[in-house]
$ cat model19.cif   # mmCIF, C-alpha atoms (C1' of nucleotides)
data_final
loop_
_atom_site.label_atom_id
_atom_site.label_comp_id
_atom_site.auth_asym_id
_atom_site.auth_seq_id
_atom_site.Cartn_x
_atom_site.Cartn_y
_atom_site.Cartn_z
CA MET A 1 39.50 -26.24 37.39
CA GLU A 2 36.28 -28.05 38.06
CA ARG A 3 33.50 -26.34 39.84
CA GLY A 4 32.37 -27.84 43.08
CA THR A 5 29.39 -29.43 41.36
CA GLY A 6 31.21 -32.58 40.34
CA TYR A 7 29.89 -32.35 36.81
CA LEU A 8 32.27 -33.45 34.05
CA GLN A 9 32.66 -32.55 30.42
CA ILE A 10 32.81 -35.38 27.95
CA GLY A 11 36.60 -35.53 27.91
CA GLU A 12 36.91 -36.15 31.62
CA ALA A 13 33.88 -38.42 31.66
CA ALA A 14 35.45 -40.47 28.90
CA SER A 15 38.77 -40.89 30.63
CA ARG A 16 37.14 -41.66 33.97
CA THR A 17 35.11 -44.46 32.40
CA SER A 18 37.87 -45.58 30.04
CA LEU A 19 35.60 -45.10 27.08
CA THR A 20 35.99 -42.76 24.12
CA GLN A 21 34.01 -39.61 23.59
CA ARG A 22 32.58 -41.17 20.48
CA THR A 23 31.36 -44.11 22.51
CA LEU A 24 29.66 -41.87 25.04
CA ARG A 25 27.88 -39.97 22.29
CA TYR A 26 26.99 -43.24 20.62
CA TYR A 27 25.46 -44.62 23.81
CA GLU A 28 23.49 -41.45 24.24
CA GLU A 29 22.32 -41.71 20.64
CA LEU A 30 21.21 -45.28 21.29
CA GLY A 31 19.30 -44.05 24.29
CA LEU A 32 21.25 -46.00 26.90
CA PHE A 33 21.01 -43.00 29.19
CA ARG A 34 19.02 -39.83 29.14
CA PRO A 35 20.76 -37.17 27.03
CA ALA A 36 23.39 -35.55 29.17
CA SER A 37 22.64 -32.03 30.30
CA ARG A 38 24.37 -29.27 28.40
CA MET A 39 26.22 -26.07 29.10
CA GLU A 40 25.06 -22.80 27.62
CA GLY A 41 26.97 -23.39 24.41
CA GLY A 42 25.99 -27.02 23.97
CA PHE A 43 28.87 -28.83 25.72
CA ARG A 44 27.68 -32.02 27.41
CA LEU A 45 27.84 -32.22 31.19
CA TYR A 46 27.87 -35.54 33.01
CA SER A 47 26.66 -35.81 36.58
CA PRO A 48 28.22 -38.31 39.00
CA ASP A 49 25.06 -40.38 38.57
CA ASP A 50 25.55 -40.34 34.82
CA VAL A 51 29.09 -41.59 35.26
CA GLU A 52 27.92 -44.33 37.58
CA ARG A 53 25.31 -45.42 35.08
CA ILE A 54 27.91 -45.50 32.35
CA ASP A 55 30.10 -47.71 34.50
CA TYR A 56 27.16 -50.00 35.03
CA ILE A 57 26.66 -50.19 31.28
CA LYS A 58 30.31 -51.04 30.84
CA ASN A 59 29.96 -53.87 33.30
CA LEU A 60 26.92 -55.28 31.56
CA ARG A 61 28.84 -55.12 28.31
CA ASP A 62 32.26 -56.36 29.36
CA VAL A 63 31.50 -58.65 32.27
CA LEU A 64 28.20 -60.15 31.27
CA GLY A 65 28.69 -59.78 27.54
CA PHE A 66 25.32 -58.26 26.75
CA SER A 67 24.76 -56.42 23.51
CA LEU A 68 23.93 -52.75 23.70
CA ALA A 69 20.41 -53.55 22.55
CA GLU A 70 19.92 -55.96 25.43
CA ILE A 71 21.39 -53.46 27.83
CA LYS A 72 18.99 -50.85 26.61
CA GLU A 73 16.05 -53.08 27.39
CA MET A 74 17.32 -53.86 30.85
CA LEU A 75 17.94 -50.26 31.68
CA ALA A 76 14.53 -49.32 30.41
CA ALA A 77 13.09 -51.87 32.79
CA GLU A 78 15.24 -50.50 35.59
CA ASP A 79 14.01 -47.00 34.88
CA THR A 80 10.49 -48.26 34.97
CA ARG A 81 11.11 -49.53 38.49
CA ALA A 82 12.38 -46.14 39.64
CA GLN A 83 9.36 -44.56 37.98
CA ILE A 84 7.00 -46.88 39.77
CA LYS A 85 8.69 -46.21 43.05
CA ARG A 86 8.30 -42.47 42.64
CA GLU A 87 4.65 -42.76 41.71
CA LEU A 88 3.86 -45.42 44.23
CA HIS A 89 2.05 -43.32 46.77
CA GLN A 90 0.56 -40.88 44.35
CA THR A 91 -2.84 -41.47 42.92
CA GLY A 92 -3.17 -41.31 39.18
CA GLY A 93 -0.89 -42.88 36.62
CA LEU A 94 -1.05 -46.61 36.32
CA SER A 95 -3.42 -48.99 38.03
CA ARG A 96 -2.21 -51.40 40.70
CA GLU A 97 -2.56 -54.24 38.23
CA GLU A 98 -0.40 -52.53 35.65
CA ARG A 99 2.20 -51.63 38.24
CA ARG A 100 2.27 -55.13 39.56
CA ASN A 101 2.74 -56.58 36.11
CA GLN A 102 5.56 -54.21 35.35
CA LEU A 103 7.25 -55.05 38.62
CA LEU A 104 6.92 -58.75 37.95
CA LYS A 105 8.38 -58.35 34.48
CA LEU A 106 11.17 -56.34 36.02
CA LYS A 107 11.85 -59.04 38.55
CA GLU A 108 12.06 -61.56 35.75
CA VAL A 109 14.76 -59.46 34.12
CA ALA A 110 16.72 -59.24 37.34
CA VAL A 111 16.37 -62.94 38.03
CA GLY A 112 17.49 -63.63 34.49
CA GLN A 113 20.57 -61.50 35.04
CA MET A 114 21.27 -63.35 38.24
CA ARG A 115 21.05 -66.64 36.42
CA ILE A 116 23.52 -65.47 33.80
CA VAL A 117 25.85 -64.19 36.48
CA ASN A 118 25.77 -67.52 38.25
CA GLU A 119 26.38 -69.46 35.07
CA LYS A 120 29.27 -67.24 34.25
CA ARG A 121 30.75 -67.61 37.70
CA ALA A 122 30.56 -71.37 37.40
CA ARG A 123 32.28 -71.37 34.04
CA LEU A 124 34.90 -68.99 35.34
CA LYS A 125 35.55 -71.36 38.19
CA ASP A 126 36.13 -74.19 35.74
CA MET A 127 38.46 -72.05 33.71
CA ARG A 128 40.40 -71.12 36.82
CA HIS A 129 41.15 -74.76 37.38
CA GLY A 130 42.12 -75.33 33.80
CA ILE A 131 44.47 -72.39 33.82
CA GLN A 132 45.93 -73.34 37.17
CA ASP A 133 46.65 -76.81 35.85
CA ARG A 134 48.33 -75.37 32.80
CA ILE A 135 50.51 -73.13 34.91
CA GLU A 136 51.56 -76.10 36.99
CA ARG A 137 52.34 -78.16 33.92
CA ILE A 138 54.46 -75.33 32.61
CA ASP A 139 56.28 -75.10 35.90
CA THR A 140 56.90 -78.83 35.75
CA LEU A 141 58.42 -78.50 32.31
CA LEU A 142 60.54 -75.60 33.46
CA ALA A 143 61.77 -77.67 36.36
CA GLU A 144 62.63 -80.57 34.07
CA LEU A 145 64.51 -78.23 31.83
CA GLY A 146 66.39 -77.00 34.83
CA GLU A 147 67.38 -80.47 35.93
CA MET A 148 68.76 -81.19 32.51
CA ALA A 149 71.41 -78.54 33.00
CA GLY A 150 74.78 -79.77 31.87
CA ALA A 151 73.38 -82.98 30.37
CA THR A 152 73.37 -82.85 26.59
CA SER A 153 76.21 -80.37 26.41
CA MET B 1 24.13 -94.57 12.77
CA GLU B 2 27.46 -93.39 14.08
CA ARG B 3 30.40 -95.65 13.85
CA GLY B 4 32.03 -96.62 17.11
CA THR B 5 34.83 -94.13 16.47
CA GLY B 6 33.08 -91.16 18.02
CA TYR B 7 33.90 -88.98 15.06
CA LEU B 8 31.24 -86.49 14.03
CA GLN B 9 30.34 -84.78 10.81
CA ILE B 10 29.98 -81.05 10.87
CA GLY B 11 26.24 -81.11 11.42
CA GLU B 12 26.46 -83.10 14.62
CA ALA B 13 29.56 -81.26 15.77
CA ALA B 14 27.73 -77.98 15.28
CA SER B 15 24.69 -78.98 17.28
CA ARG B 16 26.79 -80.52 20.05
CA THR B 17 28.73 -77.28 20.46
CA SER B 18 25.74 -75.04 19.84
CA LEU B 19 27.56 -73.31 17.01
CA THR B 20 26.67 -73.14 13.34
CA GLN B 21 28.42 -75.04 10.59
CA ARG B 22 29.49 -71.74 9.14
CA THR B 23 31.11 -70.81 12.44
CA LEU B 24 33.04 -74.08 12.61
CA ARG B 25 34.33 -73.58 9.08
CA TYR B 26 35.14 -69.98 9.89
CA TYR B 27 37.13 -70.95 12.97
CA GLU B 28 39.01 -73.53 10.96
CA GLU B 29 39.70 -70.90 8.31
CA LEU B 30 41.05 -68.58 10.99
CA GLY B 31 43.29 -71.38 12.18
CA LEU B 32 41.80 -71.75 15.62
CA PHE B 33 42.21 -75.48 15.32
CA ARG B 34 44.02 -77.74 12.93
CA PRO B 35 41.89 -78.45 9.86
CA ALA B 36 39.50 -81.22 10.71
CA SER B 37 40.24 -84.58 9.11
CA ARG B 38 38.15 -85.52 6.13
CA MET B 39 36.24 -88.48 4.76
CA GLU B 40 37.07 -89.88 1.36
CA GLY B 41 34.81 -87.43 -0.41
CA GLY B 42 35.86 -84.37 1.55
CA PHE B 43 33.33 -84.28 4.39
CA ARG B 44 34.86 -82.97 7.61
CA LEU B 45 35.19 -85.31 10.58
CA TYR B 46 35.56 -83.98 14.12
CA SER B 47 37.24 -86.08 16.80
CA PRO B 48 36.13 -85.85 20.43
CA ASP B 49 39.30 -83.86 21.06
CA ASP B 50 38.33 -81.44 18.31
CA VAL B 51 34.94 -80.96 19.93
CA GLU B 52 36.54 -80.38 23.30
CA ARG B 53 38.86 -77.77 21.84
CA ILE B 54 35.92 -76.06 20.20
CA ASP B 55 34.14 -75.92 23.56
CA TYR B 56 37.24 -74.40 25.05
CA ILE B 57 37.24 -71.77 22.33
CA LYS B 58 33.61 -71.03 23.07
CA ASN B 59 34.43 -70.50 26.71
CA LEU B 60 37.27 -68.13 25.93
CA ARG B 61 34.91 -66.21 23.67
CA ASP B 62 31.73 -66.16 25.73
CA VAL B 63 32.99 -66.30 29.28
CA LEU B 64 36.20 -64.33 29.08
CA GLY B 65 35.18 -62.20 26.13
CA PHE B 66 38.34 -62.63 24.11
CA SER B 67 38.35 -61.87 20.41
CA LEU B 68 39.04 -64.71 18.03
CA ALA B 69 42.40 -63.16 17.24
CA GLU B 70 43.38 -63.20 20.89
CA ILE B 71 42.14 -66.74 21.24
CA LYS B 72 44.22 -67.78 18.29
CA GLU B 73 47.35 -66.44 19.94
CA MET B 74 46.61 -68.18 23.21
CA LEU B 75 45.94 -71.48 21.54
CA ALA B 76 49.09 -71.17 19.51
CA ALA B 77 50.97 -70.68 22.77
CA GLU B 78 49.19 -73.68 24.24
CA ASP B 79 50.14 -75.78 21.27
CA THR B 80 53.72 -74.66 21.65
CA ARG B 81 53.70 -75.99 25.19
CA ALA B 82 52.48 -79.40 24.06
CA GLN B 83 55.13 -79.36 21.35
CA ILE B 84 57.84 -78.59 23.85
CA LYS B 85 56.64 -81.33 26.12
CA ARG B 86 56.81 -83.88 23.36
CA GLU B 87 60.29 -82.84 22.32
CA LEU B 88 61.58 -82.37 25.82
CA HIS B 89 63.62 -85.50 26.14
CA GLN B 90 64.65 -85.72 22.55
CA THR B 91 67.86 -84.19 21.41
CA GLY B 92 67.63 -81.90 18.42
CA GLY B 93 65.10 -79.16 17.84
CA LEU B 94 65.39 -76.11 20.02
CA SER B 95 68.09 -75.29 22.48
CA ARG B 96 67.39 -75.23 26.22
CA GLU B 97 67.50 -71.47 26.16
CA GLU B 98 64.90 -71.22 23.42
CA ARG B 99 62.65 -73.73 25.12
CA ARG B 100 62.97 -71.93 28.39
CA ASN B 101 62.06 -68.63 26.80
CA GLN B 102 59.03 -70.12 25.08
CA LEU B 103 57.87 -71.67 28.31
CA LEU B 104 58.28 -68.40 30.16
CA LYS B 105 56.32 -66.56 27.50
CA LEU B 106 53.69 -69.25 27.74
CA LYS B 107 53.50 -68.86 31.46
CA GLU B 108 52.99 -65.15 31.03
CA VAL B 109 49.99 -65.86 28.84
CA ALA B 110 48.52 -68.23 31.38
CA VAL B 111 49.15 -65.84 34.24
CA GLY B 112 47.55 -63.08 32.19
CA GLN B 113 44.48 -65.24 31.66
CA MET B 114 44.35 -65.93 35.37
CA ARG B 115 44.47 -62.23 36.08
CA ILE B 116 41.58 -61.59 33.72
CA VAL B 117 39.60 -64.42 35.23
CA ASN B 118 40.12 -63.01 38.71
CA GLU B 119 39.13 -59.52 37.65
CA LYS B 120 36.04 -60.86 36.04
CA ARG B 121 35.13 -62.88 39.08
CA ALA B 122 35.48 -59.79 41.25
CA ARG B 123 33.28 -57.74 38.98
CA LEU B 124 30.76 -60.54 38.81
CA LYS B 125 30.68 -60.60 42.57
CA ASP B 126 29.91 -56.89 42.64
CA MET B 127 27.17 -57.34 40.10
CA ARG B 128 25.68 -60.15 42.11
CA HIS B 129 25.23 -57.77 44.99
CA GLY B 130 23.78 -55.09 42.81
CA ILE B 131 21.29 -57.46 41.26
CA GLN B 132 20.39 -58.95 44.61
CA ASP B 133 19.68 -55.48 45.96
CA ARG B 134 17.50 -54.70 42.98
CA ILE B 135 15.53 -57.86 43.46
CA GLU B 136 14.96 -56.99 47.08
CA ARG B 137 13.88 -53.47 46.22
CA ILE B 138 11.43 -54.88 43.71
CA ASP B 139 10.07 -57.26 46.31
CA THR B 140 9.67 -54.35 48.68
CA LEU B 141 7.66 -52.45 46.10
CA LEU B 142 5.55 -55.50 45.41
CA ALA B 143 4.85 -55.84 49.11
CA GLU B 144 3.86 -52.19 49.38
CA LEU B 145 1.55 -52.62 46.44
CA GLY B 146 0.04 -55.57 48.18
CA GLU B 147 -0.57 -53.68 51.39
CA MET B 148 -2.36 -50.97 49.49
CA ALA B 149 -5.02 -53.43 48.50
CA GLY B 150 -8.43 -51.90 48.94
CA ALA B 151 -7.11 -48.46 49.73
CA THR B 152 -7.65 -46.06 46.83
CA SER B 153 -10.47 -48.16 45.45
"C1'" DC C 1 39.63 -9.79 21.74
"C1'" DA C 2 42.48 -13.16 20.03
"C1'" DT C 3 43.83 -17.81 20.29
"C1'" DG C 4 44.26 -22.55 21.27
"C1'" DA C 5 42.23 -26.40 23.33
"C1'" DA C 6 38.05 -28.82 23.93
"C1'" DC C 7 33.81 -29.60 22.07
"C1'" DC C 8 29.93 -29.85 18.53
"C1'" DT C 9 27.42 -32.33 14.48
"C1'" DC C 10 27.27 -34.75 10.35
"C1'" DA C 11 28.61 -38.44 7.50
"C1'" DC C 12 31.26 -41.84 5.62
"C1'" DG C 13 34.69 -45.78 6.79
"C1'" DT C 14 36.12 -49.94 9.22
"C1'" DT C 15 36.34 -54.40 11.50
"C1'" DA C 16 34.99 -58.64 13.46
"C1'" DA C 17 32.11 -62.34 13.21
"C1'" DC C 18 29.52 -64.38 11.10
"C1'" DG C 19 24.74 -65.04 7.61
"C1'" DT C 20 23.04 -66.39 3.28
"C1'" DG C 21 22.47 -68.12 -1.03
"C1'" DA C 22 24.17 -70.64 -5.30
"C1'" DA C 23 25.95 -74.36 -7.68
"C1'" DA C 24 28.10 -78.58 -7.34
"C1'" DC C 25 29.39 -82.90 -5.08
"C1'" DG C 26 29.19 -86.97 -1.59
"C1'" DC C 27 26.62 -90.44 1.04
"C1'" DC C 28 23.35 -93.88 1.65
"C1'" DG C 29 18.73 -96.46 1.73
"C1'" DG C 30 15.68 -98.67 -1.36
"C1'" DC D 1 21.43 -96.60 -9.84
"C1'" DC D 2 18.75 -92.94 -8.17
"C1'" DG D 3 16.65 -89.67 -5.13
"C1'" DG D 4 17.17 -86.81 -1.30
"C1'" DC D 5 19.64 -84.98 2.32
"C1'" DG D 6 24.08 -83.50 4.06
"C1'" DT D 7 28.16 -81.35 2.82
"C1'" DT D 8 31.50 -78.70 -0.03
"C1'" DT D 9 33.49 -74.18 -1.72
"C1'" DC D 10 33.07 -69.59 -3.29
"C1'" DA D 11 31.47 -65.06 -2.80
"C1'" DC D 12 28.78 -61.42 -1.60
"C1'" DG D 13 25.72 -59.43 2.35
"C1'" DT D 14 24.88 -57.96 7.09
"C1'" DT D 15 25.18 -56.06 11.73
"C1'" DA D 16 26.97 -54.11 15.78
"C1'" DA D 17 29.99 -51.00 17.62
"C1'" DC D 18 32.39 -47.96 17.07
"C1'" DG D 19 36.70 -44.96 14.28
"C1'" DT D 20 37.87 -41.04 11.72
"C1'" DG D 21 38.01 -36.91 9.54
"C1'" DA D 22 35.84 -32.33 8.04
"C1'" DG D 23 34.24 -28.07 9.12
"C1'" DG D 24 32.43 -25.17 12.47
"C1'" DT D 25 31.59 -23.49 17.59
"C1'" DT D 26 32.55 -22.57 22.51
"C1'" DC D 27 35.37 -21.92 26.55
"C1'" DA D 28 38.93 -20.13 29.26
"C1'" DT D 29 42.99 -17.37 29.46
"C1'" DG D 30 46.54 -13.81 28.57
#
$ encode --input "model19.cif" --output "C-alpha cells"
Amino acid sequence: MERGTGYLQIGEAASRTSLTQRTLRYYEELGLFRPASRMEGGFRLYSPDDVERIDYIKNLRDVLGFSLAEIKEMLAAEDTRAQIKRELHQTGGLSREERRNQLLKLKEVAVGQMRIVNEKRARLKDMRHGIQDRIERIDTLLAELGEMAGATS
Amino acid sequence: MERGTGYLQIGEAASRTSLTQRTLRYYEELGLFRPASRMEGGFRLYSPDDVERIDYIKNLRDVLGFSLAEIKEMLAAEDTRAQIKRELHQTGGLSREERRNQLLKLKEVAVGQMRIVNEKRARLKDMRHGIQDRIERIDTLLAELGEMAGATS
DNA sequence: CATGAACCTCACGTTAACGTGAAACGCCGG
DNA sequence: CCGGCGTTTCACGTTAACGTGAGGTTCATG
C-alpha cells in the first residue's frame, strides 16, 4: 500500500501517465525534469508535482507536436520564471535588467506557444468540417444503398 | 512559364506544400497517393488535386499527429468510398452487403478521426488556459520589477 | 531469511521519416 | 547542338525516441 505521501514508484507513475518506465527514465536522462528523488536503495520516487509535469510534457508532445528538444527549452524557460519569482524580492542574484530580459524572452516563448495553439485550433476546426462532410456523404451513400433494396435482385 | 494546365513539377509542388522533393517521392513510394503522372522524359507532374491531397496528408500528420502508416490506411478507406460512389448505380462489382460493410467500416474511420479531433481540441483548450495564465503571471512579475525601480539602487 | 516482484544500470537494437550524395538523364534558351 | 539547371533512381546515412534484453539489486512479505 502507498504511504500517505502520495509519492509513486516508477511503475505506478508510468501507468498513471500512460508512458513506459523506459520513457520516464529517458526523459529524466534528457533533463526534461529534475532527477526524481530516490528511496534508500535507489528506487525512483515521483511526487504529484512530478507527475503533473510529466503530463504537461505529454501534452506538449502529443497535442502540440513539439520535439523533446523543443520541450526541454520551453521547460527550462518556465523554470527560469519560477526561479525569478522566488528571487524577486531578495537582493543579490541577477540585476533588474537581466531579470527583465529573461522575463521578456520567457514571454516570447509563451506567446509563441499561444500562436501555435491558435493555428492548430484553426486547422482542427477545418478538419472537423471536412470529416463531418465525409460522414454525411457516407450516410448518403448508405441511404441510397438502403433504397435500392429489392431492386437488382 | 507554366502551361495553362496548372500542373506542377516536383520542385514547385514541393515549395507550394512546404515539403521537400525527397518527402514527396517518399510519400509516393509509401503509396500515400497514386504515382504522379509523368512527362515524356519521366519528370513527375502534380495536378492541383494531387497538391490538395498532399496538403491533406500534411494536416493529418502535423495537426492530428498520425503516422504515415495510419494516414495510408485512412486514405485507402477514403478512396474506397469514392470507388463505391462511382460504382453505386452500376450493376456488377460488389454486392450490396459488401458495399454496406465497407461503408460502415469507412464510417468508423471517420468517426474515429472525429473523436481524435475532439479530444485534441479539448486538450488544446486546456493548454490555452495554462499558457494564458503563464503569460499573466509573467506580466505580473514584469510589473513588480517595474515598481521596484529605484529601490535597491 | 528466503523469495518473488519491482526496480536498477548499461548497452545494443529498432523504427519511422526522411537527408544526402552520386551518377545519369531530361528540358530548354541561345 | 550545347550548356546549365531541374529531375531521375539508387543506395547508404542520420536522428529522434524509444524498445529490449542481460545481469544485478532492493523491497515487502510469509
$ interface_residues --input "model19.cif" --of "chain A" --to "chain C" --cutoff "8 Å" --atoms "only C-alpha atoms (C1' of nucleotides)" --output "list of chain:residue names"
A:Gly11, A:Gly42, A:Phe43
$ closest_atom_pairs --input "model19.cif" --of "stretch 11-93 of chain B" --to "stretch 2-16 of chain D" --cutoff "12 Å" --atoms "all atoms listed in the file" --output "Markdown table"
| residue | atom | partner | partner_atom | distance |
| --- | --- | --- | --- | --- |
| B:Gly11 | CA | D:DG6 | C1' | 8.0 |
| B:Glu12 | CA | D:DG6 | C1' | 10.8 |
| B:Gln21 | CA | D:DT7 | C1' | 10.0 |
| B:Arg22 | CA | D:DT7 | C1' | 11.6 |
| B:Arg25 | CA | D:DT8 | C1' | 10.8 |
| B:Arg38 | CA | D:DT7 | C1' | 11.3 |
| B:Met39 | CA | D:DT7 | C1' | 10.9 |
| B:Gly41 | CA | D:DT8 | C1' | 9.3 |
| B:Gly42 | CA | D:DT8 | C1' | 7.3 |
| B:Phe43 | CA | D:DT7 | C1' | 6.1 |
| B:Arg44 | CA | D:DT7 | C1' | 8.4 |
| B:Leu45 | CA | D:DT7 | C1' | 11.2 |
$ write_last_selection --input "model19.cif" --atoms "C-alpha atoms" --output "PDB file, in the coordinates of the input"
ATOM      1  CA  GLY B  11      26.240 -81.110  11.420  1.00  0.00           C
ATOM      2  CA  GLU B  12      26.460 -83.100  14.620  1.00  0.00           C
ATOM      3  CA  GLN B  21      28.420 -75.040  10.590  1.00  0.00           C
ATOM      4  CA  ARG B  22      29.490 -71.740   9.140  1.00  0.00           C
ATOM      5  CA  ARG B  25      34.330 -73.580   9.080  1.00  0.00           C
ATOM      6  CA  ARG B  38      38.150 -85.520   6.130  1.00  0.00           C
ATOM      7  CA  MET B  39      36.240 -88.480   4.760  1.00  0.00           C
ATOM      8  CA  GLY B  41      34.810 -87.430  -0.410  1.00  0.00           C
ATOM      9  CA  GLY B  42      35.860 -84.370   1.550  1.00  0.00           C
ATOM     10  CA  PHE B  43      33.330 -84.280   4.390  1.00  0.00           C
ATOM     11  CA  ARG B  44      34.860 -82.970   7.610  1.00  0.00           C
ATOM     12  CA  LEU B  45      35.190 -85.310  10.580  1.00  0.00           C
TER      13      LEU B  45
END
$ residues_around --input "model19.cif" --residues "A:Asp62" --least-positions-apart "2" --cutoff "10 Å" --atoms "all atoms listed in the file" --output "PyMOL selection string"
(chain A and resi 56-60+64-67) or (chain B and resi 63-65+120+123)
$ closest_residue --input "model19.cif" --among "A:Leu8, A:Leu19, A:Ala14, A:Met127" --to "chain D" --atoms "only C-alpha atoms (C1' of nucleotides)"
A:Leu19
$ closest_residue --input "model19.cif" --among "B:Ile54, B:Leu32, B:Leu104, B:Ala110" --to "B:Ala76" --atoms "all atoms listed in the file"
B:Leu32
$ interface_residues --input "model19.cif" --of "chain A" --to "chain B" --cutoff "9 Å" --atoms "only C-alpha atoms" --output "VMD selection string"
chain A and resid 56 59 to 60 62 to 65 78 81 84 to 85 88 91 96 99 to 100 103 to 104 106 to 107 110 to 111 113 to 114 117 to 118 120 to 121 123 to 125 127 to 128 131 to 132 134 to 135 138 to 139 141 to 142 144 to 146 148 to 149 152
$ resolve_selection --input "model19.cif" --expression "the PyMOL selection byres ((chain D) within 9 of (chain A))" --output "PyMOL selection string"
chain D and resi 16-19+25-27
$ atom_distance --input "model19.cif" --atom1 "atom CA of B:Glu70" --atom2 "atom CA of A:Ser18"
20.6 Å
$ atom_distance --input "model19.cif" --atom1 "atom CA of A:Pro48" --atom2 "atom CA of A:Tyr7"
6.6 Å
$ atom_distance --input "model19.cif" --atom1 "atom CA of A:Tyr46" --atom2 "atom CA of A:Gly6"
8.6 Å
